[in-house]
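Below is one structure, written out as structure tokens; comments come after it.
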Amino acid sequence: MLISDLAVVMNLMAIALLAFFIGAVLLSFTWLLLGRFVGLYSTGSQKVLIWTWMLGPWFLGLMTMLIFSPLFEQTELYGLIESLAHWHHLYVFQLNSWHGISVILFVVFSFGLIVIKGSQVYRQNNALYTLKHFSASQHSCGETQKVLIIDSDVSSAFTSGLFSPICYVSKGLVDKLSPAELNIVIEHELAHARNKDPLFMLLIACLSAYYPNKLALLLNAKYRLMTEHVADQSTVLKHSAEDVAATLLKVVRLQKSLSVKESGAYLCYFGANDITQRIQQLLQPTKKPIPMIIPVVFMLVILCLNIVAVDATHHLVESVFTHY
Amino acid sequence: MFLGELEKQVMQYLWSSPNVDAKQVHAVLAKQRDSSLNTVQSALERLFKKGLLSREKRGHAYLYQAKIQRDDLIAKLIDSVASDFISQGESTLVAAFSSVSSEMDEAQLDQLEKLIEIQRNQLKNGNDNVD
């Protein structure tokens, strides 16, 4: 049993963790209830909402921990909150209690997640490095960023790299597209590189791993679709939306015809719906923004609920399992 | 698929010169890099175990040749860039221009094509009316 400043630190971690999980549960339910309405808003607003959900549990955990911490013990606000919710053993911490075990499990899970994602980055970098060694040549596109041509008959175009993303277009695709169509593909990929989408997609994948798997996949797919919309929209500055949509459709047809002959040698992650949604968004873009006050007020309401729920859960569990 | 620097050079050489033994590979690569015969033998062994080379015993030595052609290896590498997320249903590290789903059939694509054509015609008619 710890009775010291270390006990306070451990208790604050346990509070943050409990608030994190209750926050994740509350946010998961809210997305299940209201998620269907998110699509009504503009791409930018949807991205803000996804980030709100991704960072939400961390924000709720941190804020709840601060509110329960002795930092504000002398303030009136602390007295007010304590009448509603409090942590009754802030200066005593038992390592072999449910608090200690949950902190250890959280640390182990986070460490495992970093190792898994790190090994993915390593494996992919190695594959890309080997790809460049065997096949890539530089393509001049009038920008400082580079496009590498992969000497291969497969039809693919993608952007990879976390801090200095590089665009890759296969020779097979270059040969089958007109100069204008190729320019659309390259503009689209350069937009991904400028926006550092691979890095943010990795962050989203890491943050969403703390949600239930089904919701995590949904949020990842949603965020990916938003990055595609943003990249599509940046090509519309130089080309007509119809030309971009037609090029997208042509590339999909090319990949579809080749995928039969060349098993697996294409990139596949979208559902069929995504291509439809991208084309619809190009032809009839949704521009309705969500007022910023809505996510802010929403998070404050969830925070209040969270504080009360942390206190209630803590008392409920400890009335069943008394640990000291 | 992890390939070291020497392994890449060995593959590159074997695509142009099949059926060679470790000594011949070493003789050529020694001009480019400072590798011992043992190191080259180990690289050949690793590539064989990875399924990228096949070999046949002639006398005391193995004759190696590439089991996978350059284009097929490139296709495989592109695939391994994507493989991390195919298995998990999420892509974390790649942003591709487009990708296809096996569920996306021709009828759906035709429908989308019609949608684009309708929009083109509407815009054209709108412009004609303005003129």
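To be explicit about the labels: the chains of the structure tokens are called A, B, and onward in the order shown, and within each one the residues are counted from 1, while ligands get numbers from 1 in the order they are shown.
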Need the shell around B:Ser17: protein/DNA/RNA residues with any atom at most 12 Å away, counting only C-alpha atoms. Skip same-chain ones fewer than 3 positions apart. Format as a PDB file with C-alpha atoms, in the first residue's frame?
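Wrote out_13.pdb, looks like this:
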ATOM      1  CA  VAL B  10      21.820 -10.537 -55.522  1.00  0.00           C
ATOM      2  CA  MET B  11      18.279 -10.557 -56.925  1.00  0.00           C
ATOM      3  CA  GLN B  12      19.171  -7.862 -59.436  1.00  0.00           C
ATOM      4  CA  TYR B  13      22.171  -9.905 -60.615  1.00  0.00           C
ATOM      5  CA  LEU B  14      20.286 -13.216 -60.797  1.00  0.00           C
ATOM      6  CA  VAL B  20      25.161 -19.260 -61.125  1.00  0.00           C
ATOM      7  CA  ASP B  21      26.802 -20.468 -57.935  1.00  0.00           C
ATOM      8  CA  GLN B  24      30.222 -16.423 -59.319  1.00  0.00           C
ATOM      9  CA  VAL B  25      27.778 -14.132 -57.485  1.00  0.00           C
ATOM     10  CA  VAL B  28      30.573  -9.990 -59.504  1.00  0.00           C
ATOM     11  CA  LEU B  63      23.321 -23.242 -58.852  1.00  0.00           C
ATOM     12  CA  TYR B  64      20.841 -20.482 -58.057  1.00  0.00           C
ATOM     13  CA  GLN B  65      18.216 -18.798 -60.161  1.00  0.00           C
ATOM     14  CA  ALA B  66      15.435 -16.332 -59.459  1.00  0.00           C
TER      15      ALA B  66
END
Inset, instruction - Name the residues in contact with B:Lys67 at a cut-off of 9 Å, using only C-alpha atoms, excluding same-chain residues fewer than 4 positions from it; report them as JSON, numbers by chain. - result: {"B": [48, 51, 52, 53, 54, 55]}
Inset, instruction - Could you check which of A:Val251, A:Met10, A:Leu80, A:Ala127 is closest to A:Phe93, using only C-alpha atoms? - result: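 Ranking A:Val251, A:Met10, A:Leu80, A:Ala127 by distance to A:Phe93, first place goes to A:Met10.
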Legend entry - Separation of atom CA of A:Ala85 from atom CA of A:Trp58, in Å and rounded to one decimal: 19.8 Å
Inset, instruction - Please provide the set of residues having any atom within 8 Å of stretch 100-110 of chain A, restricted to only C-alpha atoms, with same-chain residues fewer than 2 positions apart removed, written as a list in words. - result: Met10, Met13, Ala14, Leu17, Gln94, Leu95, Asn96, Ser97, Trp98, Gly112, Leu113 and Ile114 of chain A
Inset, instruction - Quick one: pull the distance between atom CA of B:Ser16 and atom CA of B:Asp71, Å, one decimal. - result: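 Separation of atom CA of B:Ser16 and atom CA of B:Asp71: 13.3 Å.
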Legend entry - Contacts of stretch 282-288 of chain A within 10 Å, only C-alpha atoms, excl. fewer than 3 positions in-chain, as a list of chain:residue names: A:Gly39, A:Leu40, A:Tyr41, A:Ser42, A:Thr43, A:Gly44, A:Ser45, A:His229, A:Asp232, A:Gln233, A:Val236, A:Ser240, A:Ala241, A:Glu242, A:Asp243, A:Val244, A:Ala245, A:Thr276, A:Gln277, A:Arg278, A:Ile279, A:Pro291, B:Leu115, B:Ile116, B:Gln119, B:Arg120
Inset, instruction - Compare A:Arg123, A:Lys117, A:Lys47, A:Arg36 by their minimum atom-to-atom distance to B:Val81, counting only C-alpha atoms, and give me the closest one. - result: A:Arg123
Legend entry - Which residue of B:Ala22, B:Glu56, B:Lys50, B:Leu109 approaches B:Asn38 most closely, using only C-alpha atoms: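 Looking at the shortest contact to B:Asn38, the residue is B:Ala22.
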Inset, instruction - Go ahead and compute the interatomic distance for atom CA of A:Phe158 and atom CA of A:Phe200, in Å to one decimal. - result: 15.4 Å
Inset, instruction - Excluding B:Phe2 and residues on its chain fewer than 4 positions from it, collect all residues at most 10 Å away from it, counting only C-alpha atoms, and give them as a PyMOL selection string. - result: (chain A and resi 122-127+129-130) or (chain B and resi 7-8+50+77)
For the selection you just gave me, I'd like the residues written to a file as a CSV table (one decimal), in the first residue's frame, keeping N, CA and C atoms.
chain,number,residue,atom,x,y,z
A,122,TYR,N,7.6,0.0,-40.0
A,122,TYR,CA,8.9,-0.5,-40.4
A,122,TYR,C,8.8,-1.4,-41.6
A,123,ARG,N,7.8,-2.3,-41.6
A,123,ARG,CA,7.7,-3.3,-42.7
A,123,ARG,C,7.3,-2.6,-44.0
A,124,GLN,N,6.4,-1.6,-43.9
A,124,GLN,CA,6.0,-0.9,-45.1
A,124,GLN,C,7.1,0.0,-45.6
A,125,ASN,N,7.9,0.6,-44.8
A,125,ASN,CA,9.0,1.4,-45.2
A,125,ASN,C,10.0,0.6,-46.0
A,126,ASN,N,10.2,-0.6,-45.4
A,126,ASN,CA,11.2,-1.5,-46.1
A,126,ASN,C,10.7,-2.0,-47.5
A,127,ALA,N,9.4,-2.3,-47.5
A,127,ALA,CA,8.8,-2.7,-48.8
A,127,ALA,C,8.9,-1.5,-49.8
A,129,TYR,N,11.1,0.9,-49.8
A,129,TYR,CA,12.5,1.2,-50.0
A,129,TYR,C,13.0,0.2,-51.1
A,130,THR,N,12.5,-1.1,-50.9
A,130,THR,CA,12.9,-2.1,-51.9
A,130,THR,C,12.3,-1.8,-53.3
B,7,GLU,N,20.9,-8.6,-50.4
B,7,GLU,CA,19.9,-9.4,-51.0
B,7,GLU,C,19.3,-8.8,-52.3
B,8,LYS,N,19.1,-7.5,-52.2
B,8,LYS,CA,18.5,-6.8,-53.4
B,8,LYS,C,19.5,-6.8,-54.6
B,50,LYS,N,13.2,-17.6,-48.3
B,50,LYS,CA,12.1,-16.7,-48.5
B,50,LYS,C,11.3,-17.0,-49.8
B,77,LEU,N,5.6,-6.5,-53.9
B,77,LEU,CA,5.9,-5.4,-53.0
B,77,LEU,C,4.8,-4.4,-52.9
Legend entry - Closest of A:Asp274, A:Asp5, A:Glu181, A:Glu318 to A:Tyr223 - atom-to-atom distances counting only C-alpha atoms: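 Distance minimum relative to A:Tyr223 lands on A:Asp274.
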Legend entry - Residue set, stretch 29-278 of chain A restricted to helix (DSSP H, G or I), as a PyMOL selection string: chain A and resi 29-38+43-68+70-72+76-84+98-135+171-176+179-194+197-208+213-235+241-261+272-278
